[in-house]
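Undergrad: My structure file query.cif, mmCIF, C-alpha atoms, is below:
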data_run
loop_
_atom_site.label_atom_id
_atom_site.label_comp_id
_atom_site.auth_asym_id
_atom_site.auth_seq_id
_atom_site.Cartn_x
_atom_site.Cartn_y
_atom_site.Cartn_z
CA MET K 1 -59.36 110.75 174.45
CA ASP K 2 -56.60 113.24 173.89
CA LEU K 3 -53.54 113.58 176.13
CA LYS K 4 -53.07 117.30 175.46
CA THR K 5 -56.66 118.10 176.47
CA PHE K 6 -56.31 115.85 179.52
CA ILE K 7 -53.28 117.82 180.70
CA GLU K 8 -55.15 121.10 180.12
CA ASN K 9 -58.11 119.77 182.11
CA PHE K 10 -55.73 118.74 184.87
CA GLU K 11 -54.13 122.20 184.96
CA ASP K 12 -57.57 123.74 185.10
CA ALA K 13 -58.72 121.41 187.91
CA VAL K 14 -55.84 122.06 190.29
CA ASP K 15 -55.87 125.50 191.84
CA GLY K 16 -52.75 127.62 191.34
CA ILE K 17 -51.30 125.82 188.28
CA GLU K 18 -50.21 128.00 185.36
CA PRO K 19 -51.85 126.91 182.09
CA GLY K 20 -49.26 125.24 179.87
CA SER K 21 -46.84 124.61 182.71
CA LEU K 22 -47.31 120.82 182.90
CA SER K 23 -46.36 118.03 180.52
CA GLU K 24 -47.01 114.30 180.19
CA ALA K 25 -43.83 113.64 182.18
CA THR K 26 -44.92 115.79 185.14
CA ALA K 27 -44.75 113.88 188.44
CA PHE K 28 -48.06 115.37 189.53
CA ARG K 29 -48.01 113.97 193.05
CA GLU K 30 -44.89 116.02 193.76
CA LEU K 31 -46.52 119.31 192.77
CA LYS K 32 -46.62 121.88 195.54
CA ASN K 33 -50.41 122.14 195.25
CA TRP K 34 -51.05 118.38 195.26
CA ASP K 35 -53.05 117.84 198.44
CA SER K 36 -56.41 116.40 199.50
CA LEU K 37 -58.21 119.33 197.91
CA ALA K 38 -56.44 118.79 194.57
CA ILE K 39 -57.27 115.08 194.77
CA LEU K 40 -60.94 116.02 195.14
CA THR K 41 -60.98 118.50 192.27
CA VAL K 42 -59.14 116.11 189.91
CA ILE K 43 -61.51 113.22 190.81
CA ASP K 44 -64.37 115.60 189.98
CA MET K 45 -62.78 116.67 186.68
CA ILE K 46 -62.22 113.04 185.59
CA ASP K 47 -65.80 112.11 186.50
CA ALA K 48 -67.31 115.15 184.79
CA GLU K 49 -65.15 115.15 181.63
CA TYR K 50 -64.59 111.42 181.10
CA GLN K 51 -67.38 109.73 183.12
CA VAL K 52 -64.71 107.65 184.86
CA THR K 53 -64.55 107.11 188.61
CA VAL K 54 -61.13 107.16 190.26
CA ASN K 55 -60.32 107.20 193.95
CA ALA K 56 -57.45 108.45 196.07
CA ALA K 57 -55.63 105.08 195.88
CA ASP K 58 -55.60 105.17 192.06
CA PHE K 59 -53.39 108.26 192.10
CA GLN K 60 -50.79 106.38 194.14
CA GLN K 61 -50.36 103.95 191.23
CA CYS K 62 -49.47 106.70 188.76
CA ALA K 63 -46.16 108.54 188.70
CA THR K 64 -46.76 110.92 185.79
CA LEU K 65 -49.66 112.62 184.08
CA LYS K 66 -49.20 110.26 181.14
CA GLU K 67 -49.74 107.30 183.46
CA LEU K 68 -52.82 108.90 184.95
CA PHE K 69 -54.14 109.58 181.46
CA GLU K 70 -53.59 105.92 180.52
CA LEU K 71 -55.42 104.74 183.63
CA VAL K 72 -58.45 106.91 182.81
CA LYS K 73 -58.36 105.85 179.16
CA LYS K 74 -58.19 102.15 180.05
CA ARG K 75 -61.07 102.49 182.49
CA LYS K 76 -63.16 104.42 180.03
CA LYS K 77 -62.85 101.58 177.50
CA ALA K 78 -63.61 98.87 180.06
CA MET D 79 -87.25 100.69 199.26
CA PRO D 80 -89.95 101.61 196.80
CA LYS D 81 -90.89 105.23 196.53
CA CYS D 82 -94.03 106.41 198.26
CA ARG D 83 -96.54 109.24 198.20
CA PHE D 84 -98.56 110.79 201.01
CA GLU D 85 -101.56 113.08 201.10
CA ASP D 86 -103.27 115.13 203.80
CA VAL D 87 -100.07 115.66 205.79
CA GLU D 88 -98.42 119.06 206.26
CA ILE D 89 -95.14 120.36 207.66
CA SER D 90 -96.34 123.12 210.00
CA GLY D 91 -93.07 124.55 211.24
CA VAL D 92 -89.33 124.14 211.58
CA VAL D 93 -86.93 125.71 214.08
CA THR D 94 -83.17 125.10 214.20
CA SER D 95 -81.11 125.88 217.28
CA VAL D 96 -77.33 126.33 217.12
CA PRO D 97 -74.75 126.81 219.88
CA LYS D 98 -73.47 130.38 220.32
CA THR D 99 -69.80 129.44 220.19
CA GLU D 100 -68.36 130.15 216.77
CA LYS D 101 -65.05 128.90 215.40
CA CYS D 102 -63.43 130.08 212.19
CA ILE D 103 -60.86 128.38 209.96
CA ASP D 104 -58.93 131.69 209.82
CA ASP D 105 -58.02 131.17 213.46
CA GLU D 106 -56.70 127.67 212.84
CA ALA D 107 -53.62 128.31 210.71
CA HIS D 108 -51.64 126.06 213.07
CA LEU D 109 -53.64 123.07 211.76
CA PHE D 110 -52.33 123.78 208.29
CA GLY D 111 -48.73 124.41 209.28
CA GLY D 112 -49.27 128.14 208.89
CA ASN D 113 -50.17 127.68 205.20
CA LEU D 114 -52.59 130.59 204.71
CA ARG D 115 -52.78 129.94 200.98
CA GLN D 116 -54.22 126.49 201.66
CA ILE D 117 -56.81 127.98 204.01
CA GLU D 118 -57.83 130.44 201.29
CA ARG D 119 -58.24 127.59 198.83
CA LEU D 120 -60.36 125.62 201.29
CA LYS D 121 -62.55 128.65 201.88
CA LYS D 122 -62.94 129.37 198.19
CA THR D 123 -63.39 125.81 196.93
CA ILE D 124 -65.01 123.82 199.74
CA GLY D 125 -66.78 126.71 201.43
CA LEU D 126 -65.19 126.18 204.82
CA ASP D 127 -65.31 129.29 206.99
CA ARG D 128 -67.20 129.63 210.25
CA ARG D 129 -68.96 126.94 212.26
CA ARG D 130 -71.05 126.79 215.41
CA VAL D 131 -69.81 124.27 217.93
CA ALA D 132 -71.24 122.94 221.18
CA GLY D 133 -69.08 123.14 224.25
CA SER D 134 -68.70 120.04 226.39
CA GLY D 135 -71.86 120.92 228.33
CA ILE D 136 -74.19 121.07 225.32
CA THR D 137 -75.62 118.00 223.60
CA ALA D 138 -77.82 117.37 220.58
CA ALA D 139 -80.70 116.73 222.99
CA ASP D 140 -80.25 120.23 224.49
CA LEU D 141 -80.23 121.87 221.05
CA CYS D 142 -83.30 119.92 219.94
CA GLU D 143 -85.12 120.79 223.15
CA SER D 144 -84.59 124.53 222.74
CA ALA D 145 -85.67 124.26 219.11
CA ALA D 146 -88.81 122.33 220.12
CA ARG D 147 -89.78 124.81 222.84
CA ARG D 148 -89.41 127.73 220.44
CA LEU D 149 -91.31 125.94 217.68
CA MET D 150 -94.35 125.10 219.79
CA GLU D 151 -94.37 128.58 221.29
CA ARG D 152 -94.26 130.21 217.85
CA LEU D 153 -96.98 127.87 216.58
CA ASP D 154 -99.01 128.76 219.66
CA LEU D 155 -99.43 125.07 220.51
CA PRO D 156 -98.98 123.33 223.85
CA LEU D 157 -95.62 121.57 224.19
CA ALA D 158 -97.50 118.45 225.31
CA GLY D 159 -99.51 118.16 222.09
CA PRO D 160 -97.66 115.65 219.86
CA ASP D 161 -98.70 111.98 219.70
CA ALA D 162 -95.13 110.95 218.98
CA ILE D 163 -91.65 112.35 219.44
CA LEU D 164 -89.00 111.03 217.15
CA CYS D 165 -85.30 111.90 217.49
CA VAL D 166 -82.83 111.49 214.65
CA THR D 167 -79.28 111.55 215.99
CA GLN D 168 -75.96 109.71 216.06
CA THR D 169 -74.72 111.67 219.06
CA ALA D 170 -77.27 110.77 221.71
CA ASP D 171 -76.79 111.66 225.38
CA TYR D 172 -76.60 107.97 226.34
CA SER D 173 -76.19 104.64 224.56
CA GLN D 174 -79.47 104.03 226.40
CA PRO D 175 -82.10 105.29 227.00
CA CYS D 176 -82.75 107.07 223.71
CA ASN D 177 -82.86 110.87 223.37
CA ALA D 178 -86.59 110.79 222.64
CA ALA D 179 -87.30 109.20 226.02
CA VAL D 180 -85.01 111.64 227.81
CA LEU D 181 -86.66 114.62 226.12
CA HIS D 182 -90.14 113.18 226.69
CA GLY D 183 -89.38 113.47 230.38
CA ARG D 184 -87.67 116.87 230.22
CA MET D 185 -90.55 118.38 228.26
CA ASP D 186 -93.10 116.68 230.52
CA LEU D 187 -95.04 115.05 227.70
CA PRO D 188 -98.08 112.85 228.45
CA LYS D 189 -97.74 109.06 228.63
CA ASP D 190 -99.84 108.39 225.53
CA CYS D 191 -96.97 109.57 223.35
CA ALA D 192 -94.62 107.32 221.38
CA ALA D 193 -90.94 108.21 221.79
CA PHE D 194 -88.02 106.64 219.91
CA ASP D 195 -84.74 107.42 218.16
CA VAL D 196 -83.53 106.82 214.63
CA ASN D 197 -79.78 106.29 214.24
CA LEU D 198 -79.00 108.12 210.99
CA GLY D 199 -76.94 111.17 210.13
CA CYS D 200 -76.80 113.11 206.85
CA SER D 201 -79.87 111.37 205.39
CA GLY D 202 -81.68 111.26 208.73
CA TYR D 203 -83.86 114.34 208.44
CA VAL D 204 -85.55 113.06 205.27
CA TYR D 205 -85.92 109.59 206.80
CA GLY D 206 -87.48 111.23 209.87
CA LEU D 207 -89.94 113.19 207.74
CA TRP D 208 -90.88 110.02 205.90
CA LEU D 209 -91.50 108.20 209.18
CA ALA D 210 -93.59 111.10 210.50
CA HIS D 211 -95.67 111.12 207.32
CA SER D 212 -96.09 107.31 207.54
CA MET D 213 -97.20 107.45 211.17
CA ILE D 214 -99.81 110.06 210.35
CA ALA D 215 -100.99 108.44 207.12
CA SER D 216 -101.45 105.10 208.90
CA GLY D 217 -103.98 106.80 211.16
CA GLY D 218 -102.14 106.38 214.43
CA CYS D 219 -100.95 109.94 214.94
CA GLU D 220 -102.32 113.43 214.39
CA ARG D 221 -99.11 115.29 215.21
CA VAL D 222 -95.50 114.08 215.19
CA LEU D 223 -92.62 116.12 216.60
CA LEU D 224 -89.45 115.32 214.66
CA LEU D 225 -86.21 116.31 216.41
CA ALA D 226 -83.06 115.98 214.30
CA GLY D 227 -79.72 117.08 215.69
CA ASP D 228 -76.09 116.18 216.19
CA THR D 229 -72.88 117.39 217.82
CA ILE D 230 -70.38 115.85 215.39
CA SER D 231 -67.78 118.48 216.35
CA ARG D 232 -67.39 116.53 219.57
CA LEU D 233 -66.48 113.35 217.66
CA VAL D 234 -63.72 114.79 215.48
CA HIS D 235 -60.11 115.01 216.57
CA PRO D 236 -59.13 118.70 216.62
CA LYS D 237 -55.98 117.89 214.63
CA ASP D 238 -57.71 115.97 211.83
CA ARG D 239 -57.73 118.49 208.98
CA ALA D 240 -60.07 116.28 206.93
CA VAL D 241 -62.96 116.80 209.34
CA ALA D 242 -62.15 119.25 212.15
CA PRO D 243 -62.72 122.50 210.18
CA LEU D 244 -65.85 121.08 208.53
CA PHE D 245 -68.26 119.91 211.21
CA GLY D 246 -70.57 122.11 213.25
CA ASP D 247 -73.43 121.30 215.61
CA GLY D 248 -77.16 121.92 215.58
CA GLY D 249 -80.55 120.68 216.68
CA SER D 250 -83.88 121.07 214.95
CA ALA D 251 -87.57 120.60 215.65
CA THR D 252 -90.19 120.03 212.95
CA LEU D 253 -93.90 119.61 213.51
CA VAL D 254 -95.67 117.35 211.03
CA ARG D 255 -99.44 117.00 211.27
CA ARG D 256 -102.59 115.75 209.59
CA LYS D 257 -104.25 118.37 207.45
CA GLN D 258 -107.14 117.43 205.22
CA GLY D 259 -106.46 118.64 201.69
CA ALA D 260 -102.72 119.21 202.16
CA PRO D 261 -100.84 118.73 198.85
CA PRO D 262 -99.02 115.42 198.27
CA ALA D 263 -95.44 114.66 199.30
CA TRP D 264 -93.18 112.08 197.67
CA PHE D 265 -90.30 110.15 199.22
CA SER D 266 -87.54 107.78 198.15
CA LEU D 267 -85.13 106.06 200.54
CA GLU D 268 -81.97 104.18 199.60
CA SER D 269 -78.93 102.58 201.23
CA ASP D 270 -75.55 101.03 200.42
CA GLY D 271 -74.03 99.37 203.46
CA HIS D 272 -70.95 98.35 201.45
CA GLY D 273 -69.77 101.89 202.06
CA ALA D 274 -70.18 101.71 205.84
CA ASP D 275 -66.41 102.16 206.34
CA HIS D 276 -66.20 105.44 204.44
CA LEU D 277 -67.68 107.54 207.22
CA ILE D 278 -67.36 105.83 210.58
CA VAL D 279 -66.42 106.06 214.24
CA PRO D 280 -64.60 102.70 214.37
CA ALA D 281 -64.42 102.17 218.14
CA GLY D 282 -66.43 102.86 221.26
CA GLY D 283 -69.44 100.69 220.35
CA MET D 284 -70.04 97.01 221.03
CA ARG D 285 -67.95 95.77 218.08
CA ARG D 286 -64.81 97.43 219.37
CA PRO D 287 -65.39 98.70 222.90
CA SER D 288 -63.51 101.63 224.33
CA THR D 289 -60.08 100.77 225.74
CA GLU D 290 -56.94 102.72 226.40
CA ALA D 291 -55.72 101.72 222.92
CA THR D 292 -58.84 102.99 221.14
CA ARG D 293 -58.43 106.35 222.86
CA GLN D 294 -54.87 106.71 221.59
CA ALA D 295 -54.60 109.29 218.77
CA GLU D 296 -52.03 108.69 216.03
CA PRO D 297 -51.13 110.37 212.72
CA ASP D 298 -52.31 108.70 209.51
CA ALA D 299 -50.49 108.65 206.12
CA SER D 300 -51.54 112.26 205.41
CA GLY D 301 -50.45 113.49 208.82
CA ASN D 302 -53.99 113.86 210.17
CA ILE D 303 -54.32 112.85 213.78
CA ARG D 304 -57.20 110.84 215.20
CA SER D 305 -58.00 107.90 217.47
CA PRO D 306 -60.32 105.00 216.58
CA GLU D 307 -62.95 106.72 218.74
CA ASN D 308 -62.91 109.79 216.49
CA LEU D 309 -64.89 110.23 213.31
CA PHE D 310 -63.08 109.05 210.18
CA MET D 311 -64.09 110.27 206.72
CA ASP D 312 -62.75 109.09 203.37
CA GLY D 313 -63.51 112.32 201.54
CA SER D 314 -62.90 111.07 198.02
CA GLU D 315 -65.12 108.00 198.48
CA ILE D 316 -67.90 110.18 199.90
CA PHE D 317 -67.52 112.56 196.97
CA ASN D 318 -67.69 109.73 194.42
CA PHE D 319 -70.74 108.26 196.14
CA SER D 320 -72.49 111.64 196.17
CA VAL D 321 -72.03 112.43 192.50
CA ARG D 322 -72.85 108.84 191.49
CA GLU D 323 -76.10 108.38 193.43
CA GLU D 324 -77.52 111.83 194.02
CA PRO D 325 -78.14 113.07 190.45
CA ARG D 326 -79.86 109.78 189.56
CA ALA D 327 -81.93 109.75 192.77
CA LEU D 328 -83.10 113.33 192.20
CA GLN D 329 -84.16 112.61 188.64
CA GLU D 330 -86.04 109.51 189.79
CA ILE D 331 -87.99 111.21 192.58
CA ALA D 332 -88.96 114.08 190.27
CA ALA D 333 -90.16 111.62 187.61
CA TYR D 334 -92.09 109.70 190.27
CA ALA D 335 -93.79 112.93 191.37
CA GLY D 336 -94.57 113.76 187.75
CA LEU D 337 -92.45 116.90 187.88
CA ALA D 338 -89.57 118.28 185.86
CA LEU D 339 -86.58 119.45 187.91
CA THR D 340 -87.42 122.95 186.66
CA ASP D 341 -90.78 122.71 188.50
CA VAL D 342 -88.94 122.56 191.83
CA ASP D 343 -88.47 125.95 193.49
CA TYR D 344 -85.66 124.98 195.88
CA PHE D 345 -83.26 122.06 196.17
CA VAL D 346 -82.32 121.81 199.81
CA PHE D 347 -79.42 119.38 200.13
CA HIS D 348 -77.71 118.07 203.22
CA GLN D 349 -75.06 120.77 203.60
CA ALA D 350 -72.08 118.44 203.23
CA ASN D 351 -69.84 121.10 201.75
CA ARG D 352 -70.28 123.66 199.00
CA TYR D 353 -68.10 121.78 196.52
CA ILE D 354 -70.16 118.58 196.64
CA LEU D 355 -73.42 120.52 196.36
CA ASN D 356 -72.17 122.50 193.38
CA SER D 357 -70.93 119.29 191.71
CA ILE D 358 -74.35 117.65 192.08
CA ALA D 359 -76.13 120.83 190.93
CA LYS D 360 -73.83 121.14 187.90
CA ARG D 361 -74.50 117.56 186.80
CA LEU D 362 -78.25 118.20 186.97
CA LYS D 363 -77.93 121.69 185.43
CA LEU D 364 -79.83 123.19 188.37
CA ASP D 365 -80.23 126.96 188.61
CA PRO D 366 -77.74 127.98 191.35
CA ALA D 367 -80.28 130.49 192.71
CA ARG D 368 -82.48 127.53 193.67
CA VAL D 369 -79.76 125.63 195.54
CA PRO D 370 -78.91 127.00 199.01
CA VAL D 371 -75.22 126.31 199.74
CA LYS D 372 -74.28 128.88 202.37
CA THR D 373 -75.26 126.96 205.49
CA VAL D 374 -71.98 125.06 205.70
CA GLU D 375 -69.87 128.25 205.62
CA ARG D 376 -71.94 129.90 208.37
CA PHE D 377 -72.67 126.95 210.63
CA GLY D 378 -70.55 123.98 209.50
CA ASN D 379 -71.74 120.57 208.33
CA GLN D 380 -74.38 119.78 210.96
CA SER D 381 -75.18 116.19 209.95
CA SER D 382 -78.88 115.47 210.62
CA ALA D 383 -79.60 119.16 211.41
CA SER D 384 -78.18 120.57 208.18
CA ILE D 385 -81.30 120.36 205.98
CA PRO D 386 -83.56 122.03 208.57
CA CYS D 387 -80.84 124.61 209.22
CA ALA D 388 -80.60 125.42 205.50
CA LEU D 389 -84.39 125.73 205.36
CA CYS D 390 -84.44 128.06 208.36
CA ALA D 391 -81.32 130.14 207.72
CA GLU D 392 -81.42 130.49 203.93
CA LEU D 393 -85.09 130.16 203.00
CA GLY D 394 -87.09 130.80 206.17
CA GLU D 395 -88.49 134.21 205.29
CA SER D 396 -89.26 133.30 201.71
CA LEU D 397 -90.97 129.97 202.49
CA THR D 398 -93.30 131.35 205.17
CA ARG D 399 -94.36 134.19 202.85
CA GLN D 400 -94.57 132.36 199.55
CA PRO D 401 -95.38 128.62 199.45
CA ALA D 402 -92.95 126.62 197.34
CA THR D 403 -92.19 123.16 196.06
CA VAL D 404 -89.01 121.98 197.76
CA LEU D 405 -86.85 118.96 197.12
CA LEU D 406 -85.08 117.82 200.30
CA SER D 407 -82.07 115.58 199.81
CA GLY D 408 -79.96 113.93 202.51
CA PHE D 409 -76.94 111.74 201.71
CA GLY D 410 -73.97 110.39 203.62
CA VAL D 411 -73.12 108.13 206.54
CA GLY D 412 -74.44 104.59 206.13
CA LEU D 413 -74.12 104.96 203.27
CA SER D 414 -77.67 106.19 203.20
CA TRP D 415 -79.57 108.67 201.09
CA ALA D 416 -83.15 109.89 200.93
CA ASN D 417 -85.10 112.38 198.86
CA ALA D 418 -88.44 114.08 199.33
CA ILE D 419 -90.52 116.53 197.34
CA ALA D 420 -92.91 118.52 199.48
CA ASP D 421 -95.04 121.63 199.36
CA THR D 422 -94.51 124.28 202.03
CA SER D 423 -97.96 125.90 202.00
CA GLY D 424 -98.59 124.64 205.55
CA LEU D 425 -95.33 126.10 206.86
CA ARG D 426 -96.02 128.88 209.38
CA VAL D 427 -92.70 128.99 211.23
CA CYS D 428 -89.23 128.54 209.71
CA GLU D 429 -86.46 130.20 211.70
CA TRP D 430 -83.15 129.59 213.46
CA ILE D 431 -82.14 130.62 216.98
CA ASP D 432 -79.07 130.76 219.17
CA HIS D 433 -79.33 128.06 221.79
CA PRO D 434 -80.01 129.79 225.12
CA GLU D 435 -76.97 128.78 227.17
CA THR D 436 -78.91 128.86 230.42
CA ALA D 437 -81.43 126.24 229.24
CA SER D 438 -81.86 123.18 231.40
#
Render the structure in this file as structure tokens.
TA:
Amino acid sequence: MDLKTFIENFEDAVDGIEPGSLSEATAFRELKNWDSLAILTVIDMIDAEYQVTVNAADFQQCATLKELFELVKKRKKA
Amino acid sequence: MPKCRFEDVEISGVVTSVPKTEKCIDDEAHLFGGNLRQIERLKKTIGLDRRRVAGSGITAADLCESAARRLMERLDLPLAGPDAILCVTQTADYSQPCNAAVLHGRMDLPKDCAAFDVNLGCSGYVYGLWLAHSMIASGGCERVLLLAGDTISRLVHPKDRAVAPLFGDGGSATLVRRKQGAPPAWFSLESDGHGADHLIVPAGGMRRPSTEATRQAEPDASGNIRSPENLFMDGSEIFNFSVREEPRALQEIAAYAGLALTDVDYFVFHQANRYILNSIAKRLKLDPARVPVKTVERFGNQSSASIPCALCAELGESLTRQPATVLLSGFGVGLSWANAIADTSGLRVCEWIDHPETAS
């Protein structure tokens, strides 16, 4: 799993995000477009790209995209 | 439950009746704090747009009755013909008696007719079809009238953005009957009660009876307003359940029927929302032209009536002209899901109507 690709996938999954505008330090839950629809499309992206299931509560445990990436990576190994 | 196969049973006709009143998310900017951009995203991504909703005077029983009257008229059969009437609903007129008994009386059916309800929602139409096939295959019935309908719009709080713009209302009537030589139909039925809390009306039943407190609406963490007597949906859990169970269940029923998914002409899913349907279709690499997804944007998510409505509104003309192999797939509240593969060569009527507002 690659962090750069993960961030690109994230940018692609959330409507209205400029490609290349986010980094591993981005506090994604504070993005203007982070709402229930974005939660749904990111859950879908993580399931489709990484075969990992996350739910709405998992996002609450992550502050940055790096942390979200680590959560997915850990779960993928498990 | 194990999968099962039936022969010599046909689906003769389907009619879906919807209320005339139409609401549109464009008129509900106040729900989204005037955020038109968010409404555009919901329209584009989820497929929310218009929905047909029952006023306070219209119930699922009314919608099913008008569908049934039209169906029997179009099939040129007496209304009093069926040996059994079976209602699938979670929004019955009364906690008792059941809708089937009420409609048995309103339609003046003879006494030698079984009448009962099945309490299921999104998966209910396929469960109802399976029951109708079973009742006929067992030899007890020649004709079964299956009525599936709900008025979920009346259970949602108008200020709950997670559900209010999504749910519409509808009632359907399907006639299933014995027909020597009819092609086989295959069914699979599954459940996961551990997910009962994900889509639930928490209060108003026997577990938590209606009180002043249960009628009190309050905002949740996301600012959506509802009372414990309103419908609650955990959208992300329902999404995860759908993309986990549905692709596997579809592959299994096709294998059981000895078919490849490419042998199926149409995949008619419960019209949950366009995003979920596209996600399931993508995982199975289904041809989008074979997956109707426009019912939810025209009528709303109609719970037990959504599969018949998709059949009638999106495929009606095609199916009555050109017989097809259809896969019907209901999934949701319970959690419960059911799949069927059937042939539509016996289908003579497949249409939708506006509910006549002057009906009894």
Undergrad: So what does the PyMOL selection byres ((chain K) within 9 of (chain D)) actually pick up in this one, as a list of chain:residue names?
TA: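 After applying the PyMOL selection byres ((chain K) within 9 of (chain D)), what remains is K:Asp15, K:Asn33, K:Ser36, K:Leu37, K:Ile39, K:Leu40, K:Thr41, K:Ile43, K:Asp44, K:Asp47, K:Ala48, K:Thr53, K:Val54, K:Asn55, K:Ala56.
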Undergrad: In Å, with one decimal, what is the gap from CA of Glu88 (chain D) to CA of Gly424 (chain D)?
TA: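 The value is 5.6 Å.
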Undergrad: Please write the residues picked by the PyMOL selection byres ((chain K and resi 17) around 12) on this file as a PyMOL selection string.
TA: chain K and resi 7-16+18-22+28+31-34+38
Undergrad: Export, as a compact mmCIF listing (two decimals), in the frame of the given file, the selected residues with C-alpha atoms.
TA:
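Writing the result to selection.txt gives the following:
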# COMPACT_ATOMS: atom_id res chain seq x y z
CA ILE K 7 -53.28 117.82 180.70
CA GLU K 8 -55.15 121.10 180.12
CA ASN K 9 -58.11 119.77 182.11
CA PHE K 10 -55.73 118.74 184.87
CA GLU K 11 -54.13 122.20 184.96
CA ASP K 12 -57.57 123.74 185.10
CA ALA K 13 -58.72 121.41 187.91
CA VAL K 14 -55.84 122.06 190.29
CA ASP K 15 -55.87 125.50 191.84
CA GLY K 16 -52.75 127.62 191.34
CA GLU K 18 -50.21 128.00 185.36
CA PRO K 19 -51.85 126.91 182.09
CA GLY K 20 -49.26 125.24 179.87
CA SER K 21 -46.84 124.61 182.71
CA LEU K 22 -47.31 120.82 182.90
CA PHE K 28 -48.06 115.37 189.53
CA LEU K 31 -46.52 119.31 192.77
CA LYS K 32 -46.62 121.88 195.54
CA ASN K 33 -50.41 122.14 195.25
CA TRP K 34 -51.05 118.38 195.26
CA ALA K 38 -56.44 118.79 194.57
Undergrad: Taking the file as shown, find all residues satisfying the PyMOL selection byres ((chain D and resi 177) around 9) and write them as a PyMOL selection string.
TA: chain D and resi 138-139+164-167+170-172+174-176+178-182+193-195
Undergrad: So which residues touch Leu68 (chain K) within 9 Å, counting only C-alpha atoms, skipping near sequence neighbours fewer than 5 positions away, as a PyMOL selection string?
TA: chain K and resi 58-59+61-63+73
Undergrad: Find the residues near Ile358 (chain D): any atom within 12 Å, counting all atoms listed in the file, skip ones fewer than 4 places away on the same chain, and give them as a ChimeraX atom specification.
TA: /K:44,47-48 /D:317-329,345-354,362-366,369,371,407,409
Undergrad: Could you rebuild region 301-312 of chain D with N, CA, C and O atoms and give me the result as a PDB file, in the coordinates of the input?
TA:
ATOM      1  N   GLY D 301     -50.834 112.641 207.707  1.00  0.00           N
ATOM      2  CA  GLY D 301     -50.450 113.490 208.820  1.00  0.00           C
ATOM      3  C   GLY D 301     -51.625 113.999 209.646  1.00  0.00           C
ATOM      4  O   GLY D 301     -51.456 114.820 210.546  1.00  0.00           O
ATOM      5  N   ASN D 302     -52.829 113.506 209.344  1.00  0.00           N
ATOM      6  CA  ASN D 302     -53.990 113.860 210.170  1.00  0.00           C
ATOM      7  C   ASN D 302     -54.026 112.972 211.399  1.00  0.00           C
ATOM      8  O   ASN D 302     -53.740 111.780 211.324  1.00  0.00           O
ATOM      9  N   ILE D 303     -54.371 113.581 212.520  1.00  0.00           N
ATOM     10  CA  ILE D 303     -54.320 112.850 213.780  1.00  0.00           C
ATOM     11  C   ILE D 303     -55.715 112.499 214.252  1.00  0.00           C
ATOM     12  O   ILE D 303     -56.612 113.350 214.246  1.00  0.00           O
ATOM     13  N   ARG D 304     -55.914 111.238 214.615  1.00  0.00           N
ATOM     14  CA  ARG D 304     -57.200 110.840 215.200  1.00  0.00           C
ATOM     15  C   ARG D 304     -57.025 109.516 215.931  1.00  0.00           C
ATOM     16  O   ARG D 304     -56.062 108.786 215.688  1.00  0.00           O
ATOM     17  N   SER D 305     -57.963 109.201 216.808  1.00  0.00           N
ATOM     18  CA  SER D 305     -58.000 107.900 217.470  1.00  0.00           C
ATOM     19  C   SER D 305     -59.156 107.106 216.859  1.00  0.00           C
ATOM     20  O   SER D 305     -60.009 107.682 216.178  1.00  0.00           O
ATOM     21  N   PRO D 306     -59.194 105.791 217.111  1.00  0.00           N
ATOM     22  CA  PRO D 306     -60.320 105.000 216.580  1.00  0.00           C
ATOM     23  C   PRO D 306     -61.677 105.420 217.168  1.00  0.00           C
ATOM     24  O   PRO D 306     -62.710 104.994 216.675  1.00  0.00           O
ATOM     25  N   GLU D 307     -61.676 106.243 218.195  1.00  0.00           N
ATOM     26  CA  GLU D 307     -62.950 106.720 218.740  1.00  0.00           C
ATOM     27  C   GLU D 307     -63.378 108.047 218.123  1.00  0.00           C
ATOM     28  O   GLU D 307     -64.418 108.604 218.472  1.00  0.00           O
ATOM     29  N   ASN D 308     -62.537 108.575 217.216  1.00  0.00           N
ATOM     30  CA  ASN D 308     -62.910 109.790 216.490  1.00  0.00           C
ATOM     31  C   ASN D 308     -63.581 109.431 215.176  1.00  0.00           C
ATOM     32  O   ASN D 308     -63.425 108.319 214.673  1.00  0.00           O
ATOM     33  N   LEU D 309     -64.271 110.422 214.615  1.00  0.00           N
ATOM     34  CA  LEU D 309     -64.890 110.230 213.310  1.00  0.00           C
ATOM     35  C   LEU D 309     -63.829 110.158 212.221  1.00  0.00           C
ATOM     36  O   LEU D 309     -62.927 110.992 212.166  1.00  0.00           O
ATOM     37  N   PHE D 310     -63.944 109.147 211.351  1.00  0.00           N
ATOM     38  CA  PHE D 310     -63.080 109.050 210.180  1.00  0.00           C
ATOM     39  C   PHE D 310     -63.918 109.283 208.924  1.00  0.00           C
ATOM     40  O   PHE D 310     -65.025 108.762 208.814  1.00  0.00           O
ATOM     41  N   MET D 311     -63.401 110.074 207.993  1.00  0.00           N
ATOM     42  CA  MET D 311     -64.090 110.270 206.720  1.00  0.00           C
ATOM     43  C   MET D 311     -63.122 110.074 205.565  1.00  0.00           C
ATOM     44  O   MET D 311     -62.067 110.697 205.535  1.00  0.00           O
ATOM     45  N   ASP D 312     -63.504 109.209 204.624  1.00  0.00           N
ATOM     46  CA  ASP D 312     -62.750 109.090 203.370  1.00  0.00           C
ATOM     47  C   ASP D 312     -63.409 110.040 202.375  1.00  0.00           C
ATOM     48  O   ASP D 312     -64.381 109.691 201.710  1.00  0.00           O
TER      49      ASP D 312
END
